[in-house]
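Novice: Here you go, this is my_file.cif (mmCIF, C-alpha atoms).
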```cif
data_run
loop_
_atom_site.group_PDB
_atom_site.id
_atom_site.type_symbol
_atom_site.label_atom_id
_atom_site.label_comp_id
_atom_site.auth_asym_id
_atom_site.auth_seq_id
_atom_site.Cartn_x
_atom_site.Cartn_y
_atom_site.Cartn_z
ATOM 1 C CA MET A 1 90.501 83.530 69.788
ATOM 2 C CA LYS A 2 91.797 82.946 73.317
ATOM 3 C CA LYS A 3 89.009 80.430 73.954
ATOM 4 C CA LYS A 4 89.823 78.552 70.749
ATOM 5 C CA LEU A 5 93.514 78.497 71.624
ATOM 6 C CA ALA A 6 92.799 77.249 75.145
ATOM 7 C CA ALA A 7 90.601 74.444 73.797
ATOM 8 C CA TRP A 8 93.302 73.469 71.306
ATOM 9 C CA LEU A 9 95.954 73.417 74.040
ATOM 10 C CA LEU A 10 93.729 71.251 76.259
ATOM 11 C CA THR A 11 93.144 68.753 73.483
ATOM 12 C CA PHE A 12 96.851 68.692 72.601
ATOM 13 C CA SER A 13 97.748 68.210 76.259
ATOM 14 C CA MET A 14 95.390 65.209 76.518
ATOM 15 C CA VAL A 15 97.035 63.646 73.480
ATOM 16 C CA LEU A 16 100.436 64.116 75.121
ATOM 17 C CA GLY A 17 99.111 62.618 78.339
ATOM 18 C CA LEU A 18 99.512 65.735 80.420
ATOM 19 C CA PHE A 19 95.992 65.401 81.825
ATOM 20 C CA PRO A 20 94.429 62.061 82.788
ATOM 21 C CA VAL A 21 91.484 61.040 80.643
ATOM 22 C CA ALA A 22 88.856 58.572 81.842
ATOM 23 C CA PRO A 23 88.799 55.506 79.566
ATOM 24 C CA LEU A 24 85.730 54.892 77.474
ATOM 25 C CA ALA A 25 83.409 52.280 78.923
ATOM 26 C CA VAL A 26 83.572 49.066 76.853
ATOM 27 C CA GLN A 27 80.436 46.932 76.650
ATOM 28 C CA ALA A 28 81.469 43.314 77.125
ATOM 29 C CA ASP A 29 79.714 40.786 74.891
ATOM 30 C CA THR A 30 77.454 38.594 76.967
ATOM 31 C CA PRO A 31 76.708 35.286 75.231
ATOM 32 C CA GLU A 32 73.033 34.452 75.024
ATOM 33 C CA MET A 33 71.908 31.397 76.922
ATOM 34 C CA ALA A 34 70.736 28.721 74.509
ATOM 35 C CA ALA A 35 67.256 27.279 74.770
ATOM 36 C CA PRO A 36 67.051 23.650 75.943
ATOM 37 C CA ILE A 37 67.896 20.957 73.402
ATOM 38 C CA LEU A 38 65.813 17.767 73.491
ATOM 39 C CA THR A 39 66.784 14.260 72.445
ATOM 40 C CA ALA A 40 64.197 11.577 71.661
ATOM 41 C CA GLY A 41 64.358 8.189 73.301
ATOM 42 C CA ALA A 42 62.042 5.301 74.052
ATOM 43 C CA VAL A 43 58.370 4.900 73.189
ATOM 44 C CA TYR A 44 56.027 2.253 74.551
ATOM 45 C CA ARG A 45 52.390 2.158 73.512
ATOM 46 C CA ALA A 46 50.900 -0.799 75.334
ATOM 47 C CA SER A 47 47.356 -0.060 74.142
ATOM 48 C CA ALA A 48 45.609 2.038 71.534
ATOM 49 C CA THR A 49 44.798 4.791 74.025
ATOM 50 C CA GLU A 50 47.888 5.162 76.222
ATOM 51 C CA ALA A 51 51.613 5.528 75.727
ATOM 52 C CA THR A 52 54.797 6.336 77.608
ATOM 53 C CA VAL A 53 57.465 8.496 75.961
ATOM 54 C CA LYS A 54 60.998 9.072 77.262
ATOM 55 C CA PHE A 55 63.347 11.885 76.298
ATOM 56 C CA VAL A 56 66.177 13.975 77.720
ATOM 57 C CA SER A 57 66.799 17.735 77.898
ATOM 58 C CA ASP A 58 70.207 19.327 78.279
ATOM 59 C CA ALA A 59 68.691 21.915 80.635
ATOM 60 C CA ALA A 60 66.348 21.733 83.586
ATOM 61 C CA GLY A 61 62.869 23.168 83.252
ATOM 62 C CA THR A 62 59.204 22.336 82.851
ATOM 63 C CA SER A 63 58.083 19.970 80.106
ATOM 64 C CA TYR A 64 54.921 20.405 78.078
ATOM 65 C CA TYR A 65 53.331 18.216 75.433
ATOM 66 C CA ARG A 66 50.536 18.013 72.901
ATOM 67 C CA VAL A 67 49.082 15.013 71.074
ATOM 68 C CA THR A 68 47.979 15.339 67.454
ATOM 69 C CA ASP A 69 47.456 13.075 64.456
ATOM 70 C CA SER A 70 50.035 14.991 62.408
ATOM 71 C CA ALA A 71 53.819 15.110 62.453
ATOM 72 C CA THR A 72 53.640 18.843 61.817
ATOM 73 C CA ALA A 73 54.696 20.576 65.014
ATOM 74 C CA PRO A 74 51.993 22.845 66.475
ATOM 75 C CA ALA A 75 52.724 26.472 67.266
ATOM 76 C CA VAL A 76 54.141 26.874 70.748
ATOM 77 C CA GLY A 77 52.599 30.238 71.600
ATOM 78 C CA ASP A 78 52.096 30.777 75.316
ATOM 79 C CA LEU A 79 51.792 27.053 76.072
ATOM 80 C CA SER A 80 48.250 27.507 77.372
ATOM 81 C CA GLU A 81 47.024 24.744 75.070
ATOM 82 C CA TRP A 82 49.825 22.357 76.040
ATOM 83 C CA ALA A 83 49.606 19.815 78.855
ATOM 84 C CA SER A 84 52.251 20.026 81.568
ATOM 85 C CA GLY A 85 54.578 17.067 81.844
ATOM 86 C CA GLY A 86 56.108 18.344 85.069
ATOM 87 C CA GLU A 87 59.527 19.493 86.181
ATOM 88 C CA ILE A 88 62.559 17.729 84.723
ATOM 89 C CA ALA A 89 66.263 17.750 85.546
ATOM 90 C CA ALA A 90 69.063 18.407 83.071
ATOM 91 C CA ASN A 91 70.648 15.446 81.262
ATOM 92 C CA THR A 92 68.379 12.987 83.028
ATOM 93 C CA THR A 93 65.869 10.614 81.474
ATOM 94 C CA ALA A 94 62.456 12.283 81.558
ATOM 95 C CA THR A 95 59.241 10.285 81.190
ATOM 96 C CA LEU A 96 55.778 11.319 80.031
ATOM 97 C CA SER A 97 53.454 8.587 81.314
ATOM 98 C CA ASN A 98 49.912 7.566 80.405
ATOM 99 C CA ILE A 99 49.643 10.015 77.541
ATOM 100 C CA GLY A 100 46.093 9.850 76.243
ATOM 101 C CA LEU A 101 45.813 8.788 72.608
ATOM 102 C CA ILE A 102 43.178 7.653 70.150
ATOM 103 C CA SER A 103 43.588 4.668 67.856
ATOM 104 C CA GLY A 104 45.952 4.854 64.895
ATOM 105 C CA LEU A 105 48.868 7.134 64.099
ATOM 106 C CA GLU A 106 49.463 9.685 66.832
ATOM 107 C CA CYS A 107 52.272 12.178 67.379
ATOM 108 C CA VAL A 108 53.465 13.525 70.705
ATOM 109 C CA HIS A 109 55.026 16.998 70.516
ATOM 110 C CA ILE A 110 57.252 18.009 73.436
ATOM 111 C CA VAL A 111 58.888 21.260 74.542
ATOM 112 C CA VAL A 112 60.795 22.311 77.653
ATOM 113 C CA LYS A 113 60.783 25.829 79.123
ATOM 114 C CA ASP A 114 63.807 26.635 81.268
ATOM 115 C CA GLY A 115 64.188 29.018 84.201
ATOM 116 C CA LEU A 116 64.843 31.944 81.842
ATOM 117 C CA ASP A 117 61.541 31.276 80.058
ATOM 118 C CA GLN A 118 63.383 30.039 76.993
ATOM 119 C CA ILE A 119 61.490 27.343 75.133
ATOM 120 C CA SER A 120 63.117 24.496 73.235
ATOM 121 C CA ASP A 121 62.358 23.597 69.662
ATOM 122 C CA VAL A 122 59.489 21.132 69.410
ATOM 123 C CA LEU A 123 60.514 17.477 69.655
ATOM 124 C CA THR A 124 58.003 15.377 67.700
ATOM 125 C CA VAL A 125 57.713 11.658 68.446
ATOM 126 C CA GLU A 126 55.664 9.610 65.984
ATOM 127 C CA ILE A 127 53.766 6.575 67.268
ATOM 128 C CA PRO A 128 52.538 4.800 64.139
ATOM 129 C CA SER A 129 50.720 1.789 65.596
ATOM 130 C CA ASP A 130 48.256 1.005 68.378
ATOM 131 C CA PHE A 131 50.860 -1.327 69.909
ATOM 132 C CA TYR A 132 54.346 0.038 69.544
ATOM 133 C CA TYR A 133 57.782 -0.191 71.166
ATOM 134 C CA TYR A 134 60.909 1.708 70.167
ATOM 135 C CA GLU A 135 64.211 1.970 71.998
ATOM 136 C CA ASN A 136 67.454 3.575 70.857
ATOM 137 C CA PHE A 137 69.260 3.632 74.266
ATOM 138 C CA GLU A 138 70.398 7.235 73.688
ATOM 139 C CA ILE A 139 68.807 8.847 76.748
ATOM 140 C CA TYR A 140 70.325 6.743 79.517
ATOM 141 C CA PRO A 141 73.621 7.347 81.315
ATOM 142 C CA LEU A 142 76.374 4.937 80.332
ATOM 143 C CA ASN A 143 76.332 1.693 82.342
ATOM 144 C CA THR A 144 72.601 1.915 83.091
ATOM 145 C CA ALA A 145 71.695 -1.718 83.794
ATOM 146 C CA ILE A 146 68.472 -3.394 82.693
ATOM 147 C CA GLU A 147 67.840 -4.667 86.218
ATOM 148 C CA SER A 148 67.487 -1.054 87.407
ATOM 149 C CA GLY A 149 64.117 -0.816 85.664
ATOM 150 C CA ALA A 150 65.216 2.313 83.811
ATOM 151 C CA LEU A 151 64.827 0.614 80.432
ATOM 152 C CA SER A 152 61.264 -0.538 81.063
ATOM 153 C CA PRO A 153 59.439 -2.229 79.352
ATOM 154 C CA LEU A 154 62.648 -4.073 78.495
ATOM 155 C CA GLN A 155 63.332 -6.181 81.554
ATOM 156 C CA GLN A 156 65.550 -8.884 82.945
ATOM 157 C CA ILE A 157 63.509 -12.073 82.789
ATOM 158 C CA ASN A 158 65.634 -14.498 84.769
ATOM 159 C CA SER A 159 67.487 -13.699 87.946
ATOM 160 C CA GLY A 160 71.160 -14.486 88.087
ATOM 161 C CA THR A 161 74.616 -13.134 88.764
ATOM 162 C CA ASP A 162 76.423 -10.278 87.066
ATOM 163 C CA SER A 163 73.284 -8.351 86.149
ATOM 164 C CA ALA A 164 75.503 -5.282 85.807
ATOM 165 C CA ASN A 165 76.882 -6.746 82.569
ATOM 166 C CA GLN A 166 73.527 -6.185 80.829
ATOM 167 C CA LYS A 167 73.857 -2.458 80.316
ATOM 168 C CA VAL A 168 73.988 0.616 78.094
ATOM 169 C CA VAL A 169 77.441 1.307 76.656
ATOM 170 C CA ALA A 170 79.039 3.559 74.033
ATOM 171 C CA ALA A 171 78.182 2.392 70.529
ATOM 172 C CA ALA A 172 80.746 0.470 68.498
ATOM 173 C CA GLY A 173 80.973 1.176 64.782
ATOM 174 C CA HIS A 174 77.451 2.581 64.616
ATOM 175 C CA GLU A 175 75.867 5.930 63.843
ATOM 176 C CA SER A 176 74.324 5.889 67.312
ATOM 177 C CA ALA A 177 76.105 7.197 70.391
ATOM 178 C CA LYS A 178 74.906 4.387 72.662
ATOM 179 C CA MET A 179 73.763 0.775 72.436
ATOM 180 C CA LEU A 180 72.831 -2.158 74.670
ATOM 181 C CA SER A 181 75.484 -4.704 75.592
ATOM 182 C CA LEU A 182 74.479 -8.188 76.798
ATOM 183 C CA SER A 183 76.977 -10.685 78.153
ATOM 184 C CA SER A 184 76.390 -14.284 79.108
ATOM 185 C CA ALA A 185 78.029 -16.958 81.199
ATOM 186 C CA SER A 186 76.871 -19.785 83.427
ATOM 187 C CA SER A 187 74.109 -18.543 85.773
ATOM 188 C CA TRP A 188 74.310 -14.989 84.429
ATOM 189 C CA ALA A 189 71.108 -12.982 84.001
ATOM 190 C CA SER A 190 71.464 -12.557 80.254
ATOM 191 C CA ASP A 191 67.884 -13.145 79.020
ATOM 192 C CA GLN A 192 66.048 -9.884 78.421
ATOM 193 C CA ALA A 193 62.528 -9.391 77.047
ATOM 194 C CA VAL A 194 59.595 -7.071 76.483
ATOM 195 C CA LEU A 195 56.349 -8.718 77.601
ATOM 196 C CA LEU A 196 53.384 -8.460 75.228
ATOM 197 C CA ASP A 197 49.699 -9.398 75.136
ATOM 198 C CA SER A 198 49.510 -12.877 73.602
ATOM 199 C CA ALA A 199 45.768 -12.618 72.818
ATOM 200 C CA LYS A 200 46.216 -9.376 70.906
ATOM 201 C CA LEU A 201 49.152 -10.788 68.986
ATOM 202 C CA ALA A 202 47.220 -13.925 68.060
ATOM 203 C CA ALA A 203 44.372 -11.783 66.701
ATOM 204 C CA SER A 204 46.669 -9.571 64.617
ATOM 205 C CA ASP A 205 47.093 -9.878 60.871
ATOM 206 C CA ILE A 206 50.780 -9.160 61.222
ATOM 207 C CA TYR A 207 53.350 -8.018 63.763
ATOM 208 C CA ILE A 208 57.003 -7.119 63.307
ATOM 209 C CA PHE A 209 60.127 -7.035 65.463
ATOM 210 C CA GLU A 210 63.219 -5.372 64.032
ATOM 211 C CA GLY A 211 66.513 -4.023 65.254
ATOM 212 C CA ASP A 212 70.267 -3.855 64.783
ATOM 213 C CA VAL A 213 72.401 -6.669 66.166
ATOM 214 C CA TYR A 214 76.159 -7.042 66.414
ATOM 215 C CA PRO A 215 77.612 -10.520 66.996
ATOM 216 C CA LEU A 216 81.109 -10.589 68.471
ATOM 217 C CA GLY A 217 81.808 -14.208 67.611
ATOM 218 C CA VAL A 218 80.966 -17.098 65.267
ATOM 219 C CA ASP A 219 81.870 -20.307 67.112
ATOM 220 C CA ALA A 220 79.165 -22.368 68.854
ATOM 221 C CA TRP A 221 77.197 -19.500 70.242
ATOM 222 C CA GLN A 222 73.741 -18.002 69.962
ATOM 223 C CA LEU A 223 72.842 -14.376 69.579
ATOM 224 C CA ARG A 224 69.061 -14.530 70.066
ATOM 225 C CA PHE A 225 66.656 -12.091 68.413
ATOM 226 C CA SER A 226 63.131 -13.449 68.529
ATOM 227 C CA PHE A 227 59.494 -13.706 69.555
ATOM 228 C CA THR A 228 58.854 -16.375 72.195
ATOM 229 C CA ASN A 229 55.925 -17.852 74.146
ATOM 230 C CA GLY A 230 57.736 -17.790 77.483
ATOM 231 C CA ASN A 231 59.974 -20.739 76.733
ATOM 232 C CA TYR A 232 62.951 -20.893 74.449
ATOM 233 C CA GLU A 233 64.105 -22.552 71.246
ATOM 234 C CA GLY A 234 62.437 -25.072 68.980
ATOM 235 C CA SER A 235 58.648 -24.887 68.831
ATOM 236 C CA ASN A 236 58.546 -22.067 71.419
ATOM 237 C CA GLU A 237 60.378 -19.382 69.535
ATOM 238 C CA ALA A 238 60.271 -17.484 66.235
ATOM 239 C CA GLY A 239 63.467 -15.728 65.300
ATOM 240 C CA ILE A 240 67.116 -16.191 64.531
ATOM 241 C CA PHE A 241 70.400 -17.279 66.015
ATOM 242 C CA PHE A 242 73.806 -16.086 64.874
ATOM 243 C CA LYS A 243 75.446 -19.442 65.504
ATOM 244 C CA ASN A 244 78.458 -21.463 64.328
ATOM 245 C CA GLY A 245 79.179 -18.989 61.575
ATOM 246 C CA ASN A 246 75.666 -19.114 60.096
ATOM 247 C CA ILE A 247 72.378 -17.302 60.538
ATOM 248 C CA VAL A 248 69.790 -19.925 61.448
ATOM 249 C CA SER A 249 66.115 -20.007 62.370
ATOM 250 C CA ILE A 250 65.267 -20.890 65.951
ATOM 251 C CA SER A 251 62.220 -22.894 64.885
ATOM 252 C CA ASP A 252 62.163 -25.567 62.142
ATOM 253 C CA ALA A 253 65.192 -27.453 63.461
ATOM 254 C CA GLU A 254 67.474 -24.450 63.134
ATOM 255 C CA THR A 255 67.172 -24.177 59.371
ATOM 256 C CA VAL A 256 70.208 -22.395 57.933
ATOM 257 C CA LEU A 257 68.942 -19.102 56.534
ATOM 258 C CA LYS A 258 72.293 -17.710 55.460
ATOM 259 C CA THR A 259 75.602 -19.536 55.233
ATOM 260 C CA GLY A 260 78.362 -17.517 56.799
ATOM 261 C CA TYR A 261 78.368 -14.143 58.468
ATOM 262 C CA THR A 262 81.099 -11.789 59.558
ATOM 263 C CA ALA A 263 81.473 -11.124 63.257
ATOM 264 C CA ASN A 264 82.092 -7.650 64.649
ATOM 265 C CA GLN A 265 79.711 -5.809 62.365
ATOM 266 C CA TRP A 266 76.099 -4.633 62.468
ATOM 267 C CA TYR A 267 73.160 -6.482 60.908
ATOM 268 C CA ALA A 268 69.647 -5.111 60.483
ATOM 269 C CA VAL A 269 67.237 -7.913 61.380
ATOM 270 C CA LYS A 270 63.478 -7.998 60.834
ATOM 271 C CA ILE A 271 61.039 -10.735 61.838
ATOM 272 C CA VAL A 272 57.560 -10.546 60.314
ATOM 273 C CA ALA A 273 54.977 -12.778 62.019
ATOM 274 C CA LYS A 274 51.649 -13.698 60.400
ATOM 275 C CA PRO A 275 49.426 -15.436 62.976
ATOM 276 C CA LEU A 276 46.621 -16.245 60.545
ATOM 277 C CA THR A 277 48.967 -18.353 58.421
ATOM 278 C CA GLY A 278 51.081 -19.668 61.295
ATOM 279 C CA LYS A 279 54.238 -18.501 59.524
ATOM 280 C CA TYR A 280 56.949 -15.913 59.933
ATOM 281 C CA ALA A 281 59.579 -14.377 57.662
ATOM 282 C CA VAL A 282 63.149 -13.284 58.371
ATOM 283 C CA TYR A 283 64.959 -10.401 56.682
ATOM 284 C CA VAL A 284 68.603 -9.482 57.253
ATOM 285 C CA ASN A 285 69.961 -6.233 55.834
ATOM 286 C CA GLY A 286 66.813 -5.946 53.746
ATOM 287 C CA GLU A 287 67.210 -9.381 52.152
ATOM 288 C CA LEU A 288 64.393 -11.893 52.586
ATOM 289 C CA LEU A 289 66.004 -15.107 53.838
ATOM 290 C CA ASN A 290 62.864 -17.201 54.377
ATOM 291 C CA ASP A 291 59.120 -16.476 54.586
ATOM 292 C CA ASP A 292 57.829 -19.982 55.377
ATOM 293 C CA LEU A 293 59.068 -20.596 58.915
ATOM 294 C CA THR A 294 56.770 -22.023 61.596
ATOM 295 C CA LEU A 295 55.287 -19.466 63.994
ATOM 296 C CA PRO A 296 54.751 -20.930 67.486
ATOM 297 C CA SER A 297 51.457 -20.373 69.271
ATOM 298 C CA GLY A 298 51.162 -18.271 72.414
ATOM 299 C CA ILE A 299 53.791 -15.663 71.540
ATOM 300 C CA ASP A 300 53.934 -13.189 74.424
ATOM 301 C CA ARG A 301 57.327 -11.447 74.338
ATOM 302 C CA LEU A 302 60.269 -10.076 72.411
ATOM 303 C CA ALA A 303 63.523 -11.719 73.440
ATOM 304 C CA ILE A 304 67.178 -10.826 73.053
ATOM 305 C CA SER A 305 70.238 -12.462 74.553
ATOM 306 C CA SER A 306 73.863 -13.301 73.922
ATOM 307 C CA GLY A 307 75.151 -16.838 73.766
ATOM 308 C CA HIS A 308 76.911 -18.639 76.581
ATOM 309 C CA GLY A 309 80.251 -17.062 77.365
ATOM 310 C CA LYS A 310 79.737 -14.329 74.761
ATOM 311 C CA THR A 311 78.783 -10.678 74.365
ATOM 312 C CA ALA A 312 76.421 -9.170 71.805
ATOM 313 C CA TYR A 313 75.236 -5.649 71.038
ATOM 314 C CA PHE A 314 71.745 -4.412 70.194
ATOM 315 C CA ASP A 315 70.371 -1.078 69.007
ATOM 316 C CA ASN A 316 67.284 0.613 67.535
ATOM 317 C CA GLN A 317 64.786 -2.031 68.584
ATOM 318 C CA ARG A 318 61.263 -1.597 67.243
ATOM 319 C CA PHE A 319 58.033 -3.579 67.553
#
```
In structure tokens, what does this structure look like?
Specialist:
Amino acid sequence: MKKKLAAWLLTFSMVLGLFPVAPLAVQADTPEMAAPILTAGAVYRASATEATVKFVSDAAGTSYYRVTDSATAPAVGDLSEWASGGEIAANTTATLSNIGLISGLECVHIVVKDGLDQISDVLTVEIPSDFYYYENFEIYPLNTAIESGALSPLQQINSGTDSANQKVVAAAGHESAKMLSLSSASSWASDQAVLLDSAKLAASDIYIFEGDVYPLGVDAWQLRFSFTNGNYEGSNEAGIFFKNGNIVSISDAETVLKTGYTANQWYAVKIVAKPLTGKYAVYVNGELLNDDLTLPSGIDRLAISSGHGKTAYFDNQRF
């Protein structure tokens, strides 16, 4: 009875604060570190057997990749069956070069393992054709200029002043986060292109260049989106101008393809070239404007530029 009473008194005294009581240890919640998150970027397949793929990871680590003929992501496992793409830095454009492919549709699957051995979800990049170019400008820091070489194979063709005005900027009125801005003035380096193999193009049944373009004006200017043979306009170029308020062909004496367009909005443009017939077609926002335009010989590049004294935006380019 005395022991029970003593225990009761001790408990009661603790409640009243007569004896100090050590506080209970509280386990603080420690947030789990997230696995790296990958963002897809540019693809350039210059031949049937090799390609370059660019991407970005929000965390540093080691990149790994696998090539398959299916868009279904392979199991990651212990990565023993994956090729190493090397160490990459966080939030910096990473490049997988000379990835071995076979002809036809191929898919490159990419993961990054960080310093805590956490592995990202698989990023799958589809490469549907033996000769393929895709660029969405999402993986470059803002103000990355074309002259830096970072956007290869897109390159500045002609030297000139104010190269820094041909750069990646925040997207305007578009679902993308970033886009390419080109500005032009006298002697400015505003002509940009992706060089291609003219012999392979000439032997193709069909080849296509498409992308989103955003003209900022309508008066006496030329937003160029085209195939060319190294020269410009007239019989050297297949594509369109946004010019003097209309959408016109570059070949065939600047045939008016669509009367009137609204500046400061996006247009989806597609040029379909058919070397065997010597013709090309132009689609804008899915509408066929003309399929009987003259295709020049010797096409060897994709070309984009803004008109003199103007600025134009480009996004989601695909060949």
Novice: Considering only C-alpha atoms, can you say which of A:His308, A:Ala34, A:Asp197, A:Gly286 comes closest to Ala185 in chain A?
Specialist: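 Of all the options, A:His308 lies closest to Ala185 in chain A.
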Novice: So, counting all atoms listed in the file, which residue among A:Tyr214, A:Ser80, A:Asp252, A:Phe131 is closest to Gly173 in chain A?
Specialist: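 For Gly173 in chain A, the nearest of the given residues is A:Tyr214.
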Novice: To test your reading of the syntax: which residues would the PyMOL selection byres ((chain A and resi 225-239) around 6) return for the file shown? Reply as a PyMOL selection string.
Specialist: chain A and resi 224+240+249-251+295-296+298-304
Novice: May I have the centre and edge lengths, in Å to one decimal, of an axis-aligned box around the listed atoms of range 71-74 of chain A with 4 Å added to every side, as AutoDock Vina command-line options?
Specialist:
```
--center_x 53.3 --center_y 19.0 --center_z 64.1 --size_x 10.7 --size_y 15.7 --size_z 12.7
```
Novice: One number please: CA of Glu135 in chain A to CA of Ser152 in chain A, in Å, one decimal.
Specialist: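 Pair CA of Glu135 in chain A / CA of Ser152 in chain A returns 9.9 Å.
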Novice: Between A:Gly160, A:Leu123, A:Asp117, A:Met33, which is the closest to Asp78 in chain A once you count only C-alpha atoms?
Specialist: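 Among the listed residues, the smallest separation from Asp78 in chain A belongs to A:Asp117.
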Novice: I need the output of the PyMOL selection byres ((chain A and resi 265) around 9) for this file as a PyMOL selection string; which residues are they?
Specialist: chain A and resi 172-174+213-216+262-264+266-267
Novice: Quick one: residues within 10 Å of Leu101 in chain A, all atoms listed in the file, excluding same-chain residues fewer than 2 positions away - as a list in words?
Specialist: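 Counting all atoms listed in the file, the residues come to Arg45, Ser47, Ala48, Thr49, Glu50, Ala51, Val67, Thr68, Asp69, Asn98, Ile99, Ser103, Gly104, Leu105, Glu106, Cys107, Val108, Ile127 and Asp130 of chain A.
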Novice: I want to know what sits within 12 Å of Ala281 in chain A, based on only C-alpha atoms, with residues of the same chain fewer than 3 positions away left out; could you give that as a PyMOL selection string?
Specialist: chain A and resi 206-210+226-227+238-240+249-251+257+269-275+277-278+284+286-295
Novice: Would you work out the distance separating CA of Glu87 in chain A from CA of Gly61 in chain A, expressed in Å to one decimal?
Specialist: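 Computing the Euclidean distance for CA of Glu87 in chain A and CA of Gly61 in chain A yields 5.8 Å.
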Novice: Residue by residue, what does the PyMOL selection byres ((chain A and resi 110) around 6) grab here? Present the result as a ChimeraX atom specification.
Specialist: /A:64-65,109,111,122-123
Novice: Using all atoms listed in the file, find the one residue out of A:Asn143, A:Ser183, A:Asn91, A:Ser63 that sits nearest to Val169 in chain A.
Specialist: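 Closest residue, counting all atoms listed in the file: A:Asn143.
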Novice: Return the single residue from A:Thr255, A:Gln192, A:Thr311, A:Thr52 that is closest to Gly100 in chain A, with distances computed using all atoms listed in the file.
Specialist: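 Answer, going by the shortest atom-to-atom distance: A:Thr52.
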Novice: Identify which of the residues A:Lys178, A:Lys279, A:Arg66, A:Lys200 lies closest to Asn316 in chain A, counting all atoms listed in the file when measuring atom-to-atom distances.
Specialist: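 Of all the options, A:Lys178 lies closest to Asn316 in chain A.
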Novice: So the first atom is CA of Thr259 in chain A and the second is CA of Asn244 in chain A; what is the distance between them in Å, to one decimal place?
Specialist: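 Interatomic distance here is 9.7 Å.
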Novice: Within 6 Å of range 155-159 of chain A, counting all atoms listed in the file, which residues show up once you throw out same-chain ones fewer than 6 positions away? Write them as a list in words, please.
Specialist: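 Listed by chain and then number, they are Ile146, Glu147, Ala189, Asp191, Gln192 and Ala193 of chain A.
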Novice: Any chance you could build range 278-290 of chain A out to N, CA and C atoms and write it as a PDB file, in the frame of the given file?
Specialist:
```pdb
ATOM      1  N   GLY A 278      50.189 -18.858  60.472  1.00  0.00           N
ATOM      2  CA  GLY A 278      51.081 -19.668  61.295  1.00  0.00           C
ATOM      3  C   GLY A 278      52.516 -19.648  60.808  1.00  0.00           C
ATOM      4  N   LYS A 279      52.894 -18.588  60.094  1.00  0.00           N
ATOM      5  CA  LYS A 279      54.238 -18.501  59.524  1.00  0.00           C
ATOM      6  C   LYS A 279      54.912 -17.191  59.921  1.00  0.00           C
ATOM      7  N   TYR A 280      56.226 -17.171  59.785  1.00  0.00           N
ATOM      8  CA  TYR A 280      56.949 -15.913  59.933  1.00  0.00           C
ATOM      9  C   TYR A 280      58.076 -15.849  58.919  1.00  0.00           C
ATOM     10  N   ALA A 281      58.504 -14.618  58.622  1.00  0.00           N
ATOM     11  CA  ALA A 281      59.579 -14.377  57.662  1.00  0.00           C
ATOM     12  C   ALA A 281      60.738 -13.699  58.368  1.00  0.00           C
ATOM     13  N   VAL A 282      61.942 -13.898  57.835  1.00  0.00           N
ATOM     14  CA  VAL A 282      63.149 -13.284  58.371  1.00  0.00           C
ATOM     15  C   VAL A 282      63.854 -12.500  57.266  1.00  0.00           C
ATOM     16  N   TYR A 283      64.174 -11.251  57.573  1.00  0.00           N
ATOM     17  CA  TYR A 283      64.959 -10.401  56.682  1.00  0.00           C
ATOM     18  C   TYR A 283      66.233 -10.007  57.414  1.00  0.00           C
ATOM     19  N   VAL A 284      67.344  -9.981  56.699  1.00  0.00           N
ATOM     20  CA  VAL A 284      68.603  -9.482  57.253  1.00  0.00           C
ATOM     21  C   VAL A 284      69.194  -8.511  56.248  1.00  0.00           C
ATOM     22  N   ASN A 285      69.461  -7.307  56.703  1.00  0.00           N
ATOM     23  CA  ASN A 285      69.961  -6.233  55.834  1.00  0.00           C
ATOM     24  C   ASN A 285      69.076  -6.042  54.609  1.00  0.00           C
ATOM     25  N   GLY A 286      67.769  -6.166  54.819  1.00  0.00           N
ATOM     26  CA  GLY A 286      66.813  -5.946  53.746  1.00  0.00           C
ATOM     27  C   GLY A 286      66.585  -7.131  52.841  1.00  0.00           C
ATOM     28  N   GLU A 287      67.341  -8.193  53.008  1.00  0.00           N
ATOM     29  CA  GLU A 287      67.210  -9.381  52.152  1.00  0.00           C
ATOM     30  C   GLU A 287      66.289 -10.401  52.813  1.00  0.00           C
ATOM     31  N   LEU A 288      65.277 -10.850  52.086  1.00  0.00           N
ATOM     32  CA  LEU A 288      64.393 -11.893  52.586  1.00  0.00           C
ATOM     33  C   LEU A 288      65.139 -13.227  52.576  1.00  0.00           C
ATOM     34  N   LEU A 289      65.304 -13.825  53.757  1.00  0.00           N
ATOM     35  CA  LEU A 289      66.004 -15.107  53.838  1.00  0.00           C
ATOM     36  C   LEU A 289      65.049 -16.286  53.797  1.00  0.00           C
ATOM     37  N   ASN A 290      63.853 -16.123  54.390  1.00  0.00           N
ATOM     38  CA  ASN A 290      62.864 -17.201  54.377  1.00  0.00           C
ATOM     39  C   ASN A 290      61.538 -16.626  54.856  1.00  0.00           C
TER      40      ASN A 290
END
```
